[in-house]
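Visitor: Quick one: structure below, then a few questions.
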Amino acid sequence: MREKARERCSEQVQDFTKCCKESGVLMVVKCRKENSALKECLTSYYNDPAFYEECKMEYLKEREEFRKTGIPAKKRIQKLPTSM
């Protein structure tokens with residue numbers, strides 16, 4: 001759920017990351033505005049019932065697939081053959 005929310009708040013994530021890289025050690029003080037915007041965006045998704053249901057259904061689908069195959073979703077990604 002967190003990963004999907006971060007993808008949807010990518011603009012705020014980029015702004016916060018840029019600010020942190022430019023500010024170095026003082027990022028706690030200098031990046032408050034960007035951090036607040038990022039938290040607000042993420043929280044809006046966390047509190048959205050439709051987004052929650054979407055993530056829940058995706059999780060249940062992945063769990064069902066894992067129970068059938070025994071292979072985690074991350075390892076299920078097919079790789080191209082190295083030799084042809």
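Every chain in the structure tokens has a letter given in the order shown (A, B, ...), and although residue numbers restart at 1 in each chain, ligands are simply numbered from 1 in the order shown.
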Run DSSP on the backbone and tell me which residues of chain A come out as alpha helix (DSSP H); list them as a PyMOL selection string.
Guide: chain A and resi 2-8+10-23+27-30+32-46+49-69
Visitor: Calculated over only C-alpha atoms, which of the candidates A:Arg2, A:Phe66, A:Glu58, A:Leu38 has the smallest distance to A:Gln14?
Guide: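 Closest residue, counting only C-alpha atoms: A:Leu38.
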Visitor: When distances are computed from only C-alpha atoms, which of A:Lys21, A:Thr69, A:Lys33, A:Thr43 shows the smallest separation from A:Arg6?
Guide: A:Thr43
Visitor: So what do you get for atom CA of A:Glu64 versus atom CA of A:Ala5, distance-wise?
Guide: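 About the pair atom CA of A:Glu64 and atom CA of A:Ala5: they are 22.8 Å apart.
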Visitor: Could you check the closest approach to A:Cys19 for each of A:Glu7, A:Glu54, A:Glu34, A:Tyr59 and tell me which residue wins, using only C-alpha atoms?
Guide: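 Of all the options, A:Glu34 lies closest to A:Cys19.
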Visitor: A:Lys30: which residues within 12 Å, counting only C-alpha atoms, same-chain residues fewer than 5 positions away excluded, as a PyMOL selection string?
Guide: chain A and resi 16+18-25+35-36
Visitor: Those selected residues, please, written with N, CA and C atoms and delivered as a JSON list (two decimals), in the first residue's frame.
Guide:
[["chain", "number", "residue", "atom", "x", "y", "z"],
["A", 16, "PHE", "N", 10.75, 16.30, -2.28],
["A", 16, "PHE", "CA", 11.36, 16.07, -0.97],
["A", 16, "PHE", "C", 12.77, 15.50, -1.13],
["A", 18, "LYS", "N", 14.84, 15.86, -3.67],
["A", 18, "LYS", "CA", 15.70, 16.93, -4.18],
["A", 18, "LYS", "C", 16.11, 17.87, -3.06],
["A", 19, "CYS", "N", 15.14, 18.27, -2.25],
["A", 19, "CYS", "CA", 15.42, 19.17, -1.13],
["A", 19, "CYS", "C", 16.42, 18.54, -0.16],
["A", 20, "CYS", "N", 16.23, 17.27, 0.15],
["A", 20, "CYS", "CA", 17.14, 16.58, 1.08],
["A", 20, "CYS", "C", 18.55, 16.51, 0.54],
["A", 21, "LYS", "N", 18.68, 16.23, -0.76],
["A", 21, "LYS", "CA", 20.01, 16.14, -1.36],
["A", 21, "LYS", "C", 20.70, 17.48, -1.35],
["A", 22, "GLU", "N", 19.95, 18.56, -1.58],
["A", 22, "GLU", "CA", 20.54, 19.90, -1.61],
["A", 22, "GLU", "C", 20.85, 20.43, -0.21],
["A", 23, "SER", "N", 20.10, 20.00, 0.79],
["A", 23, "SER", "CA", 20.24, 20.56, 2.13],
["A", 23, "SER", "C", 21.23, 19.82, 3.02],
["A", 24, "GLY", "N", 21.48, 18.57, 2.71],
["A", 24, "GLY", "CA", 22.41, 17.79, 3.51],
["A", 24, "GLY", "C", 21.91, 17.60, 4.94],
["A", 25, "VAL", "N", 22.76, 17.94, 5.91],
["A", 25, "VAL", "CA", 22.45, 17.72, 7.32],
["A", 25, "VAL", "C", 21.29, 18.60, 7.79],
["A", 35, "ASN", "N", 8.27, 18.01, 3.17],
["A", 35, "ASN", "CA", 7.90, 16.86, 3.98],
["A", 35, "ASN", "C", 6.41, 16.89, 4.32],
["A", 36, "SER", "N", 5.90, 18.06, 4.65],
["A", 36, "SER", "CA", 4.48, 18.19, 4.97],
["A", 36, "SER", "C", 3.62, 17.87, 3.75]]
